[in-house]
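What follows is a short report on a single structure.
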Amino acid sequence: MSMRRSVAPGPSETDRTVFAADVAYFLTQTPRQLPSRYLYDELGSSLFEAICRLPWYRVARIEQDLLQSHAGAIFSRLHPLATVVELGPGSGEKLITLMAAGPRRDVTIHLVDVSRAALDTASTALAASSPLTVVAHQATYEDGLAAIGLSHGGAGQTLAVFLGSNIGNFDPPATDQLLRSIRAAVGHGGALLLGTDLVKPEPELLLAYDDPLGVTAAFNLNLLVRVNRELDGDFDVKQFSHRAVWNAQESRVEMHLVSRLRQRVLVRAARLDITFEAGESIWTESSYKYRIDDLAPLLDRAGFRVTGQWQEDGFALTLAEAR
Ligand code: AVI
């Protein structure tokens, strides 16, 4: 079995400039923030893979189970495919499981992620398991979707795959916007397979985001290590602690980095000189949790109609077709 694999050129030197501008902007907001997309440098991506193996973070395992059990049913509800687009492929494991029940030829797989490390891992894993052509796009989801939307054409359906509860990391307006962009990219008759984590009891949610082994804490704190390395910062990482909070009103788990004491931090490449008060926090991630009944209206607003839904243990896989 052979597979062609190409890597579309992605941003490189501009990355650091954009990162510096984002850090300068978000760290001076009230409350202070850092965008969660920056959690995924090489070490961050490895730590996230480790999180997915923790007994307390069940999203990945349950989803894998659902994909394994229902991939056949999913493909039976799709038309002949020409293109599959996965946003945020992670290790590639999810797509490999799905595609094991899908077509073995005449389909191009596009992977979109800002993380070069994640794209390399996923492309290599797919190459080893599938005869299909894989194109990796190092880009934001919006930019990747726009590029793919312009390039694909011809006969066959486009399926967008957005798994792992990645949608949970977008706030409601950004979620609507992203779903509309997916809808535009797949075109009329295209489809979306969406994986969402559902609301569950607070202790369960908090354990998933503040695990006893401290892997999630390391994942969160690594963001400061990245700022130090890439932007010439001097965060004293030991003087920040990881905190997970369930915000019931907004239906999201928030991750924060809390300053243990009053301290001054310089980030030279972002021209920042900040004094943190003791207890002051940097909000680094939101992970929105859905109720099953929210999903059809959410998809409907973006121009999709639900054609299948599978649930297990507080997680849902939803298949929808573009109207
Ligand atoms: C990638 N994303 C869906 C994960 C989540 O659950 O929000 C990232 C994560 N953050 C902490 N643990 C896992």
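Identifiers for the structure tokens are assigned positionally: chains receive A, B, ... in sequence, residues are indexed from 1 per chain, and ligands are indexed from 1 in the order shown.
Near A:Leu192, within 6 Å and counting only C-alpha atoms, sit Leu159, Ala160, Val161, Leu319 and Ala320 of chain A, not including residues fewer than 4 positions from it in the same chain.
Near stretch 17-27 of chain A, within a cut-off of 9 Å and counting only C-alpha atoms, sit the residues Arg32, Gln33, Leu34, Pro35, Tyr38, Val227, Glu230, Leu231, Val267, Ala269, Ala270, Arg271, Leu272, Ile274 and Ile282 of chain A, with same-chain residues fewer than 5 positions away left out.
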Which residues of chain A sit at most 7 Å from ligand 1, using only C-alpha atoms and all ligand atoms? Give each one's shortest atom pair and distance in Å (one decimal place), in chain and ascending residue order, as CSV.
```
residue,atom,partner,partner_atom_place_in_ligand_line,distance
A:Phe48,CA,ligand 1,13 (C),6.3
A:Ile51,CA,ligand 1,12 (N),6.4
A:Gly164,CA,ligand 1,3 (C),5.5
A:Ser165,CA,ligand 1,3 (C),4.6
A:Asn166,CA,ligand 1,3 (C),3.8
A:Ile167,CA,ligand 1,3 (C),6.8
A:Gly168,CA,ligand 1,3 (C),5.9
A:Asn169,CA,ligand 1,7 (O),5.5
A:Ala208,CA,ligand 1,12 (N),6.9
A:Tyr209,CA,ligand 1,12 (N),5.2
A:Thr216,CA,ligand 1,11 (C),5.8
A:Ser286,CA,ligand 1,7 (O),6.7
A:Ser287,CA,ligand 1,7 (O),4.4
```
- Task: Report the residues of stretch 191-251 of chain A whose backbone DSSP state falls under strand (DSSP E), written as a PyMOL selection string.
- Result: chain A and resi 191-197+240-247
- Query: Any idea what's packed within 12 Å of A:Ile109, counting only C-alpha atoms, ignoring anything in its chain fewer than 3 positions away? Could you give it as number ranges by chain?
  - Reply: A: 3-7, 81-87, 89, 92, 95-96, 99, 102-106, 112, 122-123, 126-127, 130-137, 148, 152, 158-161
- atom CA of A:Asn228 to atom CA of A:Tyr141, distance in Å rounded to a single decimal: 26.1 Å
Looking only at helix (DSSP H, G or I) from DSSP on the backbone, list the matching residues of stretch 64-202 of chain A as a CSV table (one decimal) with all heavy atoms, in the first residue's frame.
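Wrote out_20.csv, looks like this:
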```csv
chain,number,residue,atom,x,y,z
A,64,GLN,N,-13.3,7.4,21.1
A,64,GLN,CA,-12.7,6.4,20.4
A,64,GLN,C,-13.6,5.1,20.3
A,64,GLN,O,-13.8,4.5,19.3
A,64,GLN,CB,-11.4,6.0,21.1
A,64,GLN,CG,-10.4,5.1,20.3
A,64,GLN,CD,-9.9,5.8,19.1
A,64,GLN,OE1,-10.0,7.0,18.9
A,64,GLN,NE2,-9.4,5.0,18.1
A,65,ASP,N,-14.2,4.9,21.4
A,65,ASP,CA,-15.2,3.8,21.6
A,65,ASP,C,-16.4,4.0,20.6
A,65,ASP,O,-16.8,3.1,19.9
A,65,ASP,CB,-15.7,3.8,23.0
A,65,ASP,CG,-15.8,2.4,23.6
A,65,ASP,OD1,-14.8,1.8,23.6
A,65,ASP,OD2,-16.9,2.1,24.0
A,66,LEU,N,-16.9,5.2,20.7
A,66,LEU,CA,-18.1,5.6,19.8
A,66,LEU,C,-17.7,5.4,18.3
A,66,LEU,O,-18.5,4.9,17.5
A,66,LEU,CB,-18.6,7.0,20.1
A,66,LEU,CG,-19.4,7.2,21.4
A,66,LEU,CD1,-19.6,8.7,21.7
A,66,LEU,CD2,-20.8,6.5,21.2
A,67,LEU,N,-16.5,5.9,18.0
A,67,LEU,CA,-16.1,5.8,16.6
A,67,LEU,C,-16.0,4.4,16.1
A,67,LEU,O,-16.4,4.0,15.1
A,67,LEU,CB,-14.8,6.6,16.4
A,67,LEU,CG,-14.8,8.1,16.4
A,67,LEU,CD1,-13.4,8.7,16.5
A,67,LEU,CD2,-15.6,8.7,15.2
A,68,GLN,N,-15.4,3.6,17.0
A,68,GLN,CA,-15.2,2.2,16.7
A,68,GLN,C,-16.5,1.5,16.5
A,68,GLN,O,-16.7,0.7,15.6
A,68,GLN,CB,-14.4,1.5,17.9
A,68,GLN,CG,-13.6,0.3,17.5
A,68,GLN,CD,-12.2,0.5,18.0
A,68,GLN,OE1,-12.0,1.0,19.1
A,68,GLN,NE2,-11.2,0.0,17.3
A,69,SER,N,-17.5,1.8,17.4
A,69,SER,CA,-18.7,1.1,17.3
A,69,SER,C,-19.6,1.6,16.2
A,69,SER,O,-20.5,0.8,15.7
A,69,SER,CB,-19.5,1.3,18.6
A,69,SER,OG,-18.7,1.0,19.7
A,70,HIS,N,-19.5,2.9,15.8
A,70,HIS,CA,-20.5,3.4,14.9
A,70,HIS,C,-20.0,4.0,13.6
A,70,HIS,O,-20.7,4.6,12.8
A,70,HIS,CB,-21.3,4.6,15.6
A,70,HIS,CG,-21.9,4.1,16.9
A,70,HIS,ND1,-22.9,3.2,16.9
A,70,HIS,CD2,-21.6,4.4,18.2
A,70,HIS,CE1,-23.3,3.0,18.2
A,70,HIS,NE2,-22.5,3.7,19.0
A,71,ALA,N,-18.7,3.7,13.3
A,71,ALA,CA,-18.1,4.2,12.0
A,71,ALA,C,-18.9,3.7,10.8
A,71,ALA,O,-19.2,4.5,9.9
A,71,ALA,CB,-16.6,3.9,11.9
A,72,GLY,N,-19.3,2.5,10.9
A,72,GLY,CA,-20.0,1.9,9.8
A,72,GLY,C,-21.3,2.6,9.6
A,72,GLY,O,-21.7,3.0,8.4
A,73,ALA,N,-22.0,2.9,10.7
A,73,ALA,CA,-23.3,3.6,10.6
A,73,ALA,C,-23.1,5.0,10.1
A,73,ALA,O,-24.0,5.5,9.3
A,73,ALA,CB,-24.0,3.6,12.0
A,74,ILE,N,-22.0,5.6,10.5
A,74,ILE,CA,-21.7,7.0,10.0
A,74,ILE,C,-21.6,7.0,8.5
A,74,ILE,O,-22.2,7.8,7.8
A,74,ILE,CB,-20.5,7.5,10.7
A,74,ILE,CG1,-20.8,7.8,12.2
A,74,ILE,CG2,-20.0,8.8,10.1
A,74,ILE,CD1,-19.6,8.0,13.1
A,75,PHE,N,-20.7,6.1,8.0
A,75,PHE,CA,-20.5,6.1,6.5
A,75,PHE,C,-21.8,5.7,5.8
A,75,PHE,O,-22.0,6.1,4.7
A,75,PHE,CB,-19.3,5.1,6.2
A,75,PHE,CG,-18.0,5.8,6.4
A,75,PHE,CD1,-17.2,5.4,7.5
A,75,PHE,CD2,-17.6,6.8,5.6
A,75,PHE,CE1,-16.0,6.1,7.7
A,75,PHE,CE2,-16.4,7.5,5.8
A,75,PHE,CZ,-15.6,7.1,6.9
A,76,SER,N,-22.6,4.9,6.4
A,76,SER,CA,-23.9,4.5,5.7
A,76,SER,C,-24.8,5.7,5.5
A,76,SER,O,-25.7,5.6,4.7
A,76,SER,CB,-24.6,3.4,6.5
A,76,SER,OG,-25.2,3.9,7.6
A,93,GLU,N,-5.3,9.4,15.7
A,93,GLU,CA,-5.9,8.1,16.1
A,93,GLU,C,-7.4,8.1,15.8
A,93,GLU,O,-8.0,7.1,15.3
A,93,GLU,CB,-5.7,8.0,17.6
A,93,GLU,CG,-5.5,6.6,18.1
A,93,GLU,CD,-5.2,6.6,19.6
A,93,GLU,OE1,-4.6,7.5,20.1
A,93,GLU,OE2,-5.7,5.6,20.3
A,94,LYS,N,-8.1,9.2,16.0
A,94,LYS,CA,-9.5,9.3,15.9
A,94,LYS,C,-9.9,9.1,14.4
A,94,LYS,O,-10.8,8.3,14.1
A,94,LYS,CB,-10.1,10.7,16.3
A,94,LYS,CG,-9.7,11.1,17.7
A,94,LYS,CD,-10.2,12.4,18.1
A,94,LYS,CE,-9.5,13.6,17.4
A,94,LYS,NZ,-8.4,14.2,18.1
A,95,LEU,N,-9.2,9.8,13.5
A,95,LEU,CA,-9.5,9.7,12.1
A,95,LEU,C,-9.1,8.3,11.5
A,95,LEU,O,-9.8,7.7,10.7
A,95,LEU,CB,-8.7,10.8,11.3
A,95,LEU,CG,-9.2,11.0,9.9
A,95,LEU,CD1,-10.7,11.4,9.9
A,95,LEU,CD2,-8.4,12.1,9.2
A,96,ILE,N,-8.1,7.7,12.1
A,96,ILE,CA,-7.7,6.3,11.7
A,96,ILE,C,-8.8,5.4,12.0
A,96,ILE,O,-9.2,4.6,11.2
A,96,ILE,CB,-6.4,5.9,12.3
A,96,ILE,CG1,-5.2,6.7,11.7
A,96,ILE,CG2,-6.1,4.4,12.2
A,96,ILE,CD1,-3.9,6.5,12.5
A,97,THR,N,-9.4,5.5,13.2
A,97,THR,CA,-10.5,4.6,13.6
A,97,THR,C,-11.7,4.9,12.7
A,97,THR,O,-12.3,3.9,12.2
A,97,THR,CB,-10.9,4.9,15.1
A,97,THR,OG1,-9.7,4.8,15.9
A,97,THR,CG2,-11.9,4.0,15.6
A,98,LEU,N,-12.0,6.1,12.4
A,98,LEU,CA,-13.2,6.4,11.6
A,98,LEU,C,-12.9,5.8,10.2
A,98,LEU,O,-13.8,5.1,9.6
A,98,LEU,CB,-13.4,7.9,11.5
A,98,LEU,CG,-14.6,8.4,10.6
A,98,LEU,CD1,-15.9,7.9,11.2
A,98,LEU,CD2,-14.5,9.9,10.4
A,99,MET,N,-11.8,6.1,9.6
A,99,MET,CA,-11.5,5.8,8.2
A,99,MET,C,-11.3,4.3,8.0
A,99,MET,O,-11.4,3.8,6.8
A,99,MET,CB,-10.3,6.6,7.6
A,99,MET,CG,-10.5,8.1,7.6
A,99,MET,SD,-12.0,8.6,6.7
A,99,MET,CE,-11.7,8.2,5.0
A,116,ARG,N,2.7,22.3,14.3
A,116,ARG,CA,3.5,21.5,13.4
A,116,ARG,C,3.7,20.1,14.0
A,116,ARG,O,3.6,19.1,13.3
A,116,ARG,CB,4.8,22.2,13.1
A,116,ARG,CG,5.9,21.4,12.5
A,116,ARG,CD,5.6,20.8,11.1
A,116,ARG,NE,5.0,21.8,10.2
A,116,ARG,CZ,4.2,21.4,9.2
A,116,ARG,NH1,4.0,20.1,8.9
A,116,ARG,NH2,3.7,22.2,8.4
A,117,ALA,N,3.9,20.0,15.3
A,117,ALA,CA,4.2,18.7,15.9
A,117,ALA,C,3.0,17.8,15.8
A,117,ALA,O,3.1,16.6,15.4
A,117,ALA,CB,4.5,18.9,17.4
A,118,ALA,N,1.8,18.3,16.0
A,118,ALA,CA,0.5,17.5,15.9
A,118,ALA,C,0.4,17.1,14.5
A,118,ALA,O,0.0,15.9,14.2
A,118,ALA,CB,-0.7,18.3,16.4
A,119,LEU,N,0.6,18.0,13.5
A,119,LEU,CA,0.4,17.6,12.1
A,119,LEU,C,1.4,16.5,11.7
A,119,LEU,O,1.0,15.6,11.0
A,119,LEU,CB,0.7,18.8,11.2
A,119,LEU,CG,-0.5,19.9,11.1
A,119,LEU,CD1,0.0,21.1,10.3
A,119,LEU,CD2,-1.7,19.3,10.5
A,120,ASP,N,2.6,16.6,12.1
A,120,ASP,CA,3.6,15.6,11.8
A,120,ASP,C,3.2,14.2,12.4
A,120,ASP,O,3.3,13.2,11.7
A,120,ASP,CB,5.0,16.0,12.3
A,120,ASP,CG,5.6,17.1,11.5
A,120,ASP,OD1,5.1,17.4,10.4
A,120,ASP,OD2,6.6,17.7,11.9
A,121,THR,N,2.8,14.2,13.6
A,121,THR,CA,2.4,13.0,14.3
A,121,THR,C,1.2,12.4,13.6
A,121,THR,O,1.2,11.2,13.2
A,121,THR,CB,2.0,13.2,15.8
A,121,THR,OG1,3.0,14.0,16.4
A,121,THR,CG2,1.8,12.0,16.5
A,122,ALA,N,0.2,13.2,13.3
A,122,ALA,CA,-1.0,12.7,12.7
A,122,ALA,C,-0.8,12.2,11.2
A,122,ALA,O,-1.2,11.1,10.8
A,122,ALA,CB,-2.1,13.7,12.7
A,123,SER,N,0.0,13.0,10.5
A,123,SER,CA,0.3,12.6,9.1
A,123,SER,C,1.0,11.3,9.0
A,123,SER,O,0.7,10.4,8.2
A,123,SER,CB,1.1,13.6,8.4
A,123,SER,OG,0.5,14.9,8.4
A,124,THR,N,2.0,11.1,9.9
A,124,THR,CA,2.8,9.9,10.0
A,124,THR,C,1.9,8.7,10.3
A,124,THR,O,2.0,7.6,9.7
A,124,THR,CB,4.0,10.0,11.0
A,124,THR,OG1,4.7,11.2,10.6
A,124,THR,CG2,4.9,8.8,10.9
A,125,ALA,N,1.1,8.9,11.3
A,125,ALA,CA,0.2,7.8,11.8
A,125,ALA,C,-0.8,7.4,10.6
A,125,ALA,O,-1.0,6.2,10.4
A,125,ALA,CB,-0.6,8.2,13.0
A,126,LEU,N,-1.4,8.4,10.0
A,126,LEU,CA,-2.3,8.1,8.9
A,126,LEU,C,-1.6,7.4,7.7
A,126,LEU,O,-2.1,6.5,7.1
A,126,LEU,CB,-3.0,9.4,8.4
A,126,LEU,CG,-4.2,9.8,9.2
A,126,LEU,CD1,-4.5,11.3,9.1
A,126,LEU,CD2,-5.4,9.0,8.7
A,127,ALA,N,-0.4,7.9,7.5
A,127,ALA,CA,0.4,7.3,6.4
A,127,ALA,C,0.6,5.8,6.6
A,127,ALA,O,0.6,5.0,5.6
A,127,ALA,CB,1.8,8.0,6.2
A,128,ALA,N,0.8,5.4,7.8
A,128,ALA,CA,1.1,4.0,8.2
A,128,ALA,C,-0.2,3.2,8.1
A,128,ALA,O,-0.1,2.0,8.0
A,128,ALA,CB,1.7,3.9,9.5
A,129,SER,N,-1.4,3.8,8.1
A,129,SER,CA,-2.6,3.0,8.2
A,129,SER,C,-3.6,3.2,7.0
A,129,SER,O,-4.5,2.5,7.0
A,129,SER,CB,-3.3,3.4,9.5
A,129,SER,OG,-4.0,4.7,9.3
A,141,TYR,N,-8.0,27.1,12.0
A,141,TYR,CA,-9.1,26.4,11.4
A,141,TYR,C,-9.7,27.2,10.3
A,141,TYR,O,-10.0,26.7,9.2
A,141,TYR,CB,-10.1,26.0,12.4
A,141,TYR,CG,-9.7,25.0,13.5
A,141,TYR,CD1,-10.3,25.0,14.8
A,141,TYR,CD2,-8.7,24.1,13.3
A,141,TYR,CE1,-9.9,24.1,15.7
A,141,TYR,CE2,-8.2,23.2,14.2
A,141,TYR,CZ,-8.9,23.2,15.5
A,141,TYR,OH,-8.5,22.3,16.5
A,142,GLU,N,-9.9,28.5,10.6
A,142,GLU,CA,-10.6,29.3,9.6
A,142,GLU,C,-9.7,29.4,8.3
A,142,GLU,O,-10.3,29.3,7.2
A,142,GLU,CB,-10.7,30.8,10.1
A,142,GLU,CG,-11.7,30.9,11.3
A,142,GLU,CD,-13.1,30.9,11.0
A,142,GLU,OE1,-13.5,31.0,9.8
A,142,GLU,OE2,-14.0,30.8,11.9
A,143,ASP,N,-8.4,29.6,8.4
A,143,ASP,CA,-7.6,29.8,7.2
A,143,ASP,C,-7.5,28.4,6.5
A,143,ASP,O,-7.6,28.4,5.2
A,143,ASP,CB,-6.2,30.2,7.6
A,143,ASP,CG,-6.1,31.7,8.1
A,143,ASP,OD1,-7.2,32.4,7.9
A,143,ASP,OD2,-5.1,32.1,8.6
A,144,GLY,N,-7.4,27.3,7.2
A,144,GLY,CA,-7.3,26.0,6.6
A,144,GLY,C,-8.6,25.7,5.9
A,144,GLY,O,-8.6,25.2,4.7
A,145,LEU,N,-9.7,26.0,6.5
A,145,LEU,CA,-11.0,25.7,5.8
A,145,LEU,C,-11.2,26.6,4.6
A,145,LEU,O,-11.7,26.1,3.6
A,145,LEU,CB,-12.2,26.1,6.8
A,145,LEU,CG,-12.4,25.1,7.9
A,145,LEU,CD1,-13.4,25.6,9.0
A,145,LEU,CD2,-13.0,23.8,7.3
A,146,ALA,N,-10.7,27.8,4.6
A,146,ALA,CA,-10.9,28.7,3.5
A,146,ALA,C,-10.0,28.1,2.3
A,146,ALA,O,-10.5,28.0,1.2
A,146,ALA,CB,-10.4,30.1,3.8
A,147,ALA,N,-8.8,27.7,2.6
A,147,ALA,CA,-7.9,27.1,1.6
A,147,ALA,C,-8.5,25.8,1.0
A,147,ALA,O,-8.6,25.7,-0.2
A,147,ALA,CB,-6.6,26.8,2.2
A,148,ILE,N,-9.1,25.0,1.8
A,148,ILE,CA,-9.6,23.7,1.3
A,148,ILE,C,-10.9,23.9,0.6
A,148,ILE,O,-11.1,23.4,-0.5
A,148,ILE,CB,-9.9,22.7,2.5
A,148,ILE,CG1,-8.5,22.4,3.2
A,148,ILE,CG2,-10.6,21.5,2.1
A,148,ILE,CD1,-8.6,21.9,4.6
A,149,GLY,N,-11.7,24.9,1.1
A,149,GLY,CA,-13.0,25.2,0.4
A,149,GLY,C,-12.8,25.7,-1.0
A,149,GLY,O,-13.5,25.4,-1.9
A,150,LEU,N,-11.7,26.4,-1.2
A,150,LEU,CA,-11.3,26.9,-2.6
A,150,LEU,C,-10.8,25.8,-3.5
A,150,LEU,O,-11.0,25.8,-4.6
A,150,LEU,CB,-10.3,28.0,-2.5
A,150,LEU,CG,-10.9,29.3,-1.9
A,150,LEU,CD1,-9.7,30.3,-1.8
A,150,LEU,CD2,-12.0,29.9,-2.7
A,151,SER,N,-10.0,24.9,-2.8
A,151,SER,CA,-9.3,23.9,-3.7
A,151,SER,C,-10.1,22.7,-4.0
A,151,SER,O,-9.8,22.1,-5.1
A,151,SER,CB,-8.0,23.5,-2.9
A,151,SER,OG,-8.3,22.7,-1.8
A,166,ASN,N,-13.1,19.4,20.7
A,166,ASN,CA,-12.3,20.6,20.4
A,166,ASN,C,-13.2,21.9,20.3
A,166,ASN,O,-12.7,23.0,20.6
A,166,ASN,CB,-11.5,20.5,19.1
A,166,ASN,CG,-10.3,19.6,19.2
A,166,ASN,OD1,-9.7,19.6,20.3
A,166,ASN,ND2,-9.9,18.9,18.2
A,167,ILE,N,-14.4,21.6,19.9
A,167,ILE,CA,-15.3,22.8,19.7
A,167,ILE,C,-15.5,23.4,21.1
A,167,ILE,O,-15.8,24.6,21.2
A,167,ILE,CB,-16.7,22.3,19.1
A,167,ILE,CG1,-17.4,23.6,18.6
A,167,ILE,CG2,-17.5,21.5,20.1
A,167,ILE,CD1,-18.5,23.3,17.7
A,168,GLY,N,-15.4,22.7,22.2
A,168,GLY,CA,-15.6,23.2,23.5
A,168,GLY,C,-14.6,24.3,23.9
A,168,GLY,O,-14.8,25.1,24.8
A,169,ASN,N,-13.5,24.4,23.1
A,169,ASN,CA,-12.5,25.5,23.4
A,169,ASN,C,-12.8,26.8,22.7
A,169,ASN,O,-12.1,27.8,22.8
A,169,ASN,CB,-11.1,25.0,23.0
A,169,ASN,CG,-10.6,23.8,23.9
A,169,ASN,OD1,-10.1,22.9,23.3
A,169,ASN,ND2,-10.9,23.8,25.2
A,172,PRO,N,-19.2,30.9,22.7
A,172,PRO,CA,-20.4,30.8,21.8
A,172,PRO,C,-20.3,31.5,20.5
A,172,PRO,O,-20.6,31.0,19.4
A,172,PRO,CB,-21.5,31.2,22.7
A,172,PRO,CG,-21.0,30.8,24.1
A,172,PRO,CD,-19.5,31.1,24.1
A,173,PRO,N,-19.9,32.8,20.5
A,173,PRO,CA,-19.9,33.5,19.2
A,173,PRO,C,-18.9,32.9,18.2
A,173,PRO,O,-19.2,32.7,17.0
A,173,PRO,CB,-19.5,35.0,19.5
A,173,PRO,CG,-19.7,35.1,21.0
A,173,PRO,CD,-19.6,33.8,21.6
A,174,ALA,N,-17.7,32.5,18.8
A,174,ALA,CA,-16.7,31.9,17.9
A,174,ALA,C,-17.1,30.5,17.4
A,174,ALA,O,-16.8,30.1,16.3
A,174,ALA,CB,-15.4,31.8,18.7
A,175,THR,N,-17.9,29.8,18.2
A,175,THR,CA,-18.4,28.5,17.8
A,175,THR,C,-19.4,28.7,16.6
A,175,THR,O,-19.3,27.9,15.6
A,175,THR,CB,-19.2,27.8,19.0
A,175,THR,OG1,-18.3,27.6,20.0
A,175,THR,CG2,-19.8,26.5,18.6
A,176,ASP,N,-20.3,29.6,16.7
A,176,ASP,CA,-21.2,29.9,15.6
A,176,ASP,C,-20.5,30.2,14.4
A,176,ASP,O,-20.8,29.7,13.3
A,176,ASP,CB,-22.2,31.0,16.0
A,176,ASP,CG,-23.3,30.5,17.0
A,176,ASP,OD1,-23.5,29.3,17.1
A,176,ASP,OD2,-23.9,31.4,17.6
A,177,GLN,N,-19.5,31.1,14.5
A,177,GLN,CA,-18.7,31.5,13.4
A,177,GLN,C,-17.9,30.3,12.7
A,177,GLN,O,-18.0,30.2,11.5
A,177,GLN,CB,-17.7,32.6,13.9
A,177,GLN,CG,-16.6,33.0,12.9
A,177,GLN,CD,-17.3,33.7,11.7
A,177,GLN,OE1,-18.2,34.5,11.8
A,177,GLN,NE2,-16.8,33.3,10.5
A,178,LEU,N,-17.3,29.5,13.6
A,178,LEU,CA,-16.6,28.4,13.1
A,178,LEU,C,-17.5,27.4,12.4
A,178,LEU,O,-17.2,26.9,11.3
A,178,LEU,CB,-15.8,27.7,14.2
A,178,LEU,CG,-14.9,26.5,13.8
A,178,LEU,CD1,-13.9,26.9,12.7
A,178,LEU,CD2,-14.2,25.9,15.0
A,179,LEU,N,-18.6,27.1,13.0
A,179,LEU,CA,-19.6,26.2,12.3
A,179,LEU,C,-20.0,26.7,11.0
A,179,LEU,O,-20.2,26.0,10.0
A,179,LEU,CB,-20.8,25.9,13.2
A,179,LEU,CG,-20.4,25.0,14.5
A,179,LEU,CD1,-21.6,24.9,15.4
A,179,LEU,CD2,-19.9,23.6,14.1
A,180,ARG,N,-20.2,28.0,10.9
A,180,ARG,CA,-20.6,28.6,9.6
A,180,ARG,C,-19.5,28.5,8.6
A,180,ARG,O,-19.7,28.2,7.4
A,180,ARG,CB,-21.0,30.1,9.8
A,180,ARG,CG,-22.5,30.2,10.3
A,180,ARG,CD,-23.0,31.7,10.1
A,180,ARG,NE,-22.2,32.6,10.9
A,180,ARG,CZ,-22.5,33.0,12.1
A,180,ARG,NH1,-23.7,32.5,12.7
A,180,ARG,NH2,-21.8,33.8,12.8
A,181,SER,N,-18.2,28.6,9.1
A,181,SER,CA,-17.1,28.5,8.1
A,181,SER,C,-17.0,27.0,7.7
A,181,SER,O,-16.6,26.8,6.5
A,181,SER,CB,-15.8,28.9,8.8
A,181,SER,OG,-15.8,30.2,9.2
A,182,ILE,N,-17.3,26.1,8.6
A,182,ILE,CA,-17.2,24.7,8.2
A,182,ILE,C,-18.3,24.4,7.1
A,182,ILE,O,-18.1,23.8,6.1
A,182,ILE,CB,-17.4,23.7,9.4
A,182,ILE,CG1,-16.3,23.8,10.4
A,182,ILE,CG2,-17.6,22.3,9.0
A,182,ILE,CD1,-16.4,23.1,11.7
A,183,ARG,N,-19.5,25.0,7.4
A,183,ARG,CA,-20.6,24.9,6.5
A,183,ARG,C,-20.2,25.4,5.1
A,183,ARG,O,-20.5,24.8,4.0
A,183,ARG,CB,-21.8,25.6,7.0
A,183,ARG,CG,-23.0,25.9,6.1
A,183,ARG,CD,-23.6,24.6,5.6
A,183,ARG,NE,-24.6,24.8,4.6
A,183,ARG,CZ,-24.3,25.0,3.3
A,183,ARG,NH1,-23.1,25.0,2.8
A,183,ARG,NH2,-25.3,25.2,2.4
A,184,ALA,N,-19.6,26.5,5.0
A,184,ALA,CA,-19.2,27.1,3.8
A,184,ALA,C,-18.1,26.2,3.1
A,184,ALA,O,-18.2,26.0,1.9
A,184,ALA,CB,-18.6,28.5,4.0
A,185,ALA,N,-17.2,25.7,3.9
A,185,ALA,CA,-16.1,24.9,3.3
A,185,ALA,C,-16.7,23.5,2.7
A,185,ALA,O,-16.2,23.1,1.7
A,185,ALA,CB,-15.0,24.6,4.3
A,186,VAL,N,-17.6,22.9,3.4
A,186,VAL,CA,-18.1,21.6,2.9
A,186,VAL,C,-19.1,21.8,1.8
A,186,VAL,O,-19.3,20.8,1.0
A,186,VAL,CB,-18.7,20.7,4.0
A,186,VAL,CG1,-17.7,20.4,5.1
A,186,VAL,CG2,-20.0,21.3,4.6
A,202,GLU,N,-20.2,18.3,38.7
A,202,GLU,CA,-19.0,19.1,38.9
A,202,GLU,C,-17.8,18.4,39.3
A,202,GLU,O,-16.7,18.6,38.8
A,202,GLU,CB,-19.4,20.3,39.8
A,202,GLU,CG,-18.2,21.2,40.0
A,202,GLU,CD,-18.6,22.5,40.8
A,202,GLU,OE1,-19.8,22.7,41.0
A,202,GLU,OE2,-17.7,23.2,41.3
```
- Tell me, as a list in words, which residues lie within 9 Å of A:Gly279, counting only C-alpha atoms; anything in the same chain fewer than 2 positions away does not count. Val258, Ser259, Arg260, Leu261, Arg262, Phe276, Glu277 and Ser281 of chain A
Using only N, CA and C atoms, please write the residues we just selected to a file, as an mmCIF file, in the first residue's frame.
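File selection.cif, as written:
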```cif
data_model
loop_
_atom_site.group_PDB
_atom_site.id
_atom_site.type_symbol
_atom_site.label_atom_id
_atom_site.label_comp_id
_atom_site.auth_asym_id
_atom_site.auth_seq_id
_atom_site.Cartn_x
_atom_site.Cartn_y
_atom_site.Cartn_z
ATOM 1 N N VAL A 258 -2.523 30.739 38.553
ATOM 2 C CA VAL A 258 -2.687 31.703 39.639
ATOM 3 C C VAL A 258 -1.330 32.068 40.231
ATOM 4 N N SER A 259 -1.084 33.363 40.341
ATOM 5 C CA SER A 259 0.190 33.826 40.908
ATOM 6 C C SER A 259 0.195 33.553 42.416
ATOM 7 N N ARG A 260 1.256 32.878 42.882
ATOM 8 C CA ARG A 260 1.315 32.521 44.304
ATOM 9 C C ARG A 260 1.671 33.719 45.166
ATOM 10 N N LEU A 261 2.221 34.760 44.556
ATOM 11 C CA LEU A 261 2.661 35.920 45.345
ATOM 12 C C LEU A 261 2.705 37.143 44.434
ATOM 13 N N ARG A 262 2.948 38.313 45.035
ATOM 14 C CA ARG A 262 3.117 39.506 44.208
ATOM 15 C C ARG A 262 4.469 39.358 43.499
ATOM 16 N N PHE A 276 2.124 41.005 38.851
ATOM 17 C CA PHE A 276 0.987 40.176 39.262
ATOM 18 C C PHE A 276 0.800 40.333 40.764
ATOM 19 N N GLU A 277 -0.434 40.507 41.193
ATOM 20 C CA GLU A 277 -0.739 40.491 42.631
ATOM 21 C C GLU A 277 -0.834 39.038 43.082
ATOM 22 N N SER A 281 -4.875 35.860 38.495
ATOM 23 C CA SER A 281 -4.736 34.696 37.622
ATOM 24 C C SER A 281 -4.710 35.072 36.147
#
```
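Using only C-alpha atoms, the nearest neighbour of A:Arg226 within the list A:Gly44, A:Thr14, A:Trp310, A:Glu204 is A:Gly44.
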